[in-house]
Amino acid sequence: MTYGNPFPQVPPISGEHCCKCGRWTEAPVTVAYGAISGSVSVTHYVCADHVHTRGPCTADHAAHS
């Protein structure tokens with residue numbers, strides 16, 4: 001509690017889920033862009049451990065649209 005604001009705002013959570021391992025990362029790296037059903041755009045992010053890996057995205061982006 002502070003004098004000027006008894007209910008301070010919590011800062012928003014930043015970061016994304018890694019498309020390779022699914023872990024939450026606060027320092028996501030953009031590796032690709034795509035689309036779902038031709039209209040919804042999707043940005044693919046990876047964590048620092050998977051920056052130099054190749055392969056398909058294993059994330060379920062349909063749940064985030």
# chains A, B, ... in the order shown; residues from 1 in each chain; ligands from 1
>>> residues_around(residues="Gly55 in chain A", least_positions_apart="5", cutoff="12 Å", atoms="only C-alpha atoms", output="PyMOL selection string")
chain A and resi 19-21+31-32+46+50
>>> select_by_dssp(residues="chain A", states="strand (DSSP E or B)", output="list in words")
Glu16, His17, Trp24, Thr25, Val29, Thr30, Val31, Ala32, Tyr33, Gly34, Ala35, Ile36, Val40, Ser41, Val42, Thr43, His44, Tyr45 and Val46 of chain A
>>> write_last_selection(atoms="N, CA, C and O atoms", output="mmCIF file, in the first residue's frame")
data_model
loop_
_atom_site.group_PDB
_atom_site.id
_atom_site.type_symbol
_atom_site.label_atom_id
_atom_site.label_comp_id
_atom_site.auth_asym_id
_atom_site.auth_seq_id
_atom_site.Cartn_x
_atom_site.Cartn_y
_atom_site.Cartn_z
ATOM 1 N N GLU A 16 6.004 -14.477 -24.113
ATOM 2 C CA GLU A 16 5.221 -15.370 -24.957
ATOM 3 C C GLU A 16 5.596 -16.810 -24.658
ATOM 4 O O GLU A 16 6.600 -17.079 -24.013
ATOM 5 N N HIS A 17 4.796 -17.723 -25.190
ATOM 6 C CA HIS A 17 5.121 -19.141 -25.103
ATOM 7 C C HIS A 17 6.012 -19.524 -26.279
ATOM 8 O O HIS A 17 5.801 -19.077 -27.401
ATOM 9 N N TRP A 24 7.112 -20.647 -21.056
ATOM 10 C CA TRP A 24 6.936 -19.196 -21.058
ATOM 11 C C TRP A 24 8.304 -18.548 -21.052
ATOM 12 O O TRP A 24 9.186 -18.944 -20.298
ATOM 13 N N THR A 25 8.504 -17.558 -21.902
ATOM 14 C CA THR A 25 9.768 -16.829 -21.924
ATOM 15 C C THR A 25 9.492 -15.339 -21.864
ATOM 16 O O THR A 25 8.573 -14.846 -22.519
ATOM 17 N N VAL A 29 11.822 -14.467 -29.006
ATOM 18 C CA VAL A 29 12.462 -14.112 -30.263
ATOM 19 C C VAL A 29 11.496 -14.470 -31.384
ATOM 20 O O VAL A 29 11.033 -15.611 -31.471
ATOM 21 N N THR A 30 11.162 -13.509 -32.225
ATOM 22 C CA THR A 30 10.263 -13.757 -33.350
ATOM 23 C C THR A 30 11.008 -14.525 -34.424
ATOM 24 O O THR A 30 12.080 -14.121 -34.859
ATOM 25 N N VAL A 31 10.445 -15.665 -34.858
ATOM 26 C CA VAL A 31 11.102 -16.478 -35.876
ATOM 27 C C VAL A 31 10.286 -16.607 -37.150
ATOM 28 O O VAL A 31 10.828 -16.931 -38.196
ATOM 29 N N ALA A 32 8.983 -16.362 -37.084
ATOM 30 C CA ALA A 32 8.153 -16.508 -38.285
ATOM 31 C C ALA A 32 6.793 -15.864 -38.070
ATOM 32 O O ALA A 32 6.386 -15.586 -36.946
ATOM 33 N N TYR A 33 6.115 -15.660 -39.180
ATOM 34 C CA TYR A 33 4.744 -15.161 -39.176
ATOM 35 C C TYR A 33 3.903 -16.127 -39.989
ATOM 36 O O TYR A 33 4.387 -16.737 -40.936
ATOM 37 N N GLY A 34 2.653 -16.274 -39.633
ATOM 38 C CA GLY A 34 1.783 -17.182 -40.359
ATOM 39 C C GLY A 34 0.340 -16.731 -40.259
ATOM 40 O O GLY A 34 0.043 -15.636 -39.789
ATOM 41 N N ALA A 35 -0.569 -17.593 -40.715
ATOM 42 C CA ALA A 35 -1.994 -17.283 -40.676
ATOM 43 C C ALA A 35 -2.778 -18.541 -40.351
ATOM 44 O O ALA A 35 -2.382 -19.649 -40.716
ATOM 45 N N ILE A 36 -3.892 -18.343 -39.667
ATOM 46 C CA ILE A 36 -4.818 -19.427 -39.376
ATOM 47 C C ILE A 36 -6.101 -19.122 -40.140
ATOM 48 O O ILE A 36 -6.639 -18.026 -40.048
ATOM 49 N N VAL A 40 -6.564 -14.796 -39.682
ATOM 50 C CA VAL A 40 -5.975 -14.454 -38.399
ATOM 51 C C VAL A 40 -4.462 -14.602 -38.503
ATOM 52 O O VAL A 40 -3.957 -15.674 -38.815
ATOM 53 N N SER A 41 -3.739 -13.516 -38.249
ATOM 54 C CA SER A 41 -2.280 -13.600 -38.324
ATOM 55 C C SER A 41 -1.709 -14.111 -37.013
ATOM 56 O O SER A 41 -2.252 -13.852 -35.944
ATOM 57 N N VAL A 42 -0.620 -14.861 -37.111
ATOM 58 C CA VAL A 42 0.030 -15.475 -35.963
ATOM 59 C C VAL A 42 1.512 -15.168 -36.034
ATOM 60 O O VAL A 42 2.123 -15.256 -37.090
ATOM 61 N N THR A 43 2.093 -14.796 -34.895
ATOM 62 C CA THR A 43 3.525 -14.594 -34.800
ATOM 63 C C THR A 43 4.103 -15.758 -34.018
ATOM 64 O O THR A 43 3.603 -16.096 -32.956
ATOM 65 N N HIS A 44 5.137 -16.391 -34.564
ATOM 66 C CA HIS A 44 5.777 -17.527 -33.912
ATOM 67 C C HIS A 44 6.986 -17.027 -33.131
ATOM 68 O O HIS A 44 7.848 -16.353 -33.679
ATOM 69 N N TYR A 45 7.027 -17.374 -31.846
ATOM 70 C CA TYR A 45 8.107 -16.977 -30.954
ATOM 71 C C TYR A 45 8.825 -18.216 -30.430
ATOM 72 O O TYR A 45 8.206 -19.279 -30.293
ATOM 73 N N VAL A 46 10.093 -18.083 -30.125
ATOM 74 C CA VAL A 46 10.844 -19.148 -29.460
ATOM 75 C C VAL A 46 11.612 -18.562 -28.287
ATOM 76 O O VAL A 46 11.858 -17.360 -28.228
#
>>> atom_distance(atom1="CA of Cys57 in chain A", atom2="CA of Ile13 in chain A")
22.8 Å
>>> closest_residue(among="A:Ser39, A:Asn5, A:Thr58, A:Thr53", to="Gly22 in chain A", atoms="only C-alpha atoms")
A:Thr58
>>> atom_distance(atom1="CA of Ala59 in chain A", atom2="CA of Arg23 in chain A")
10.1 Å
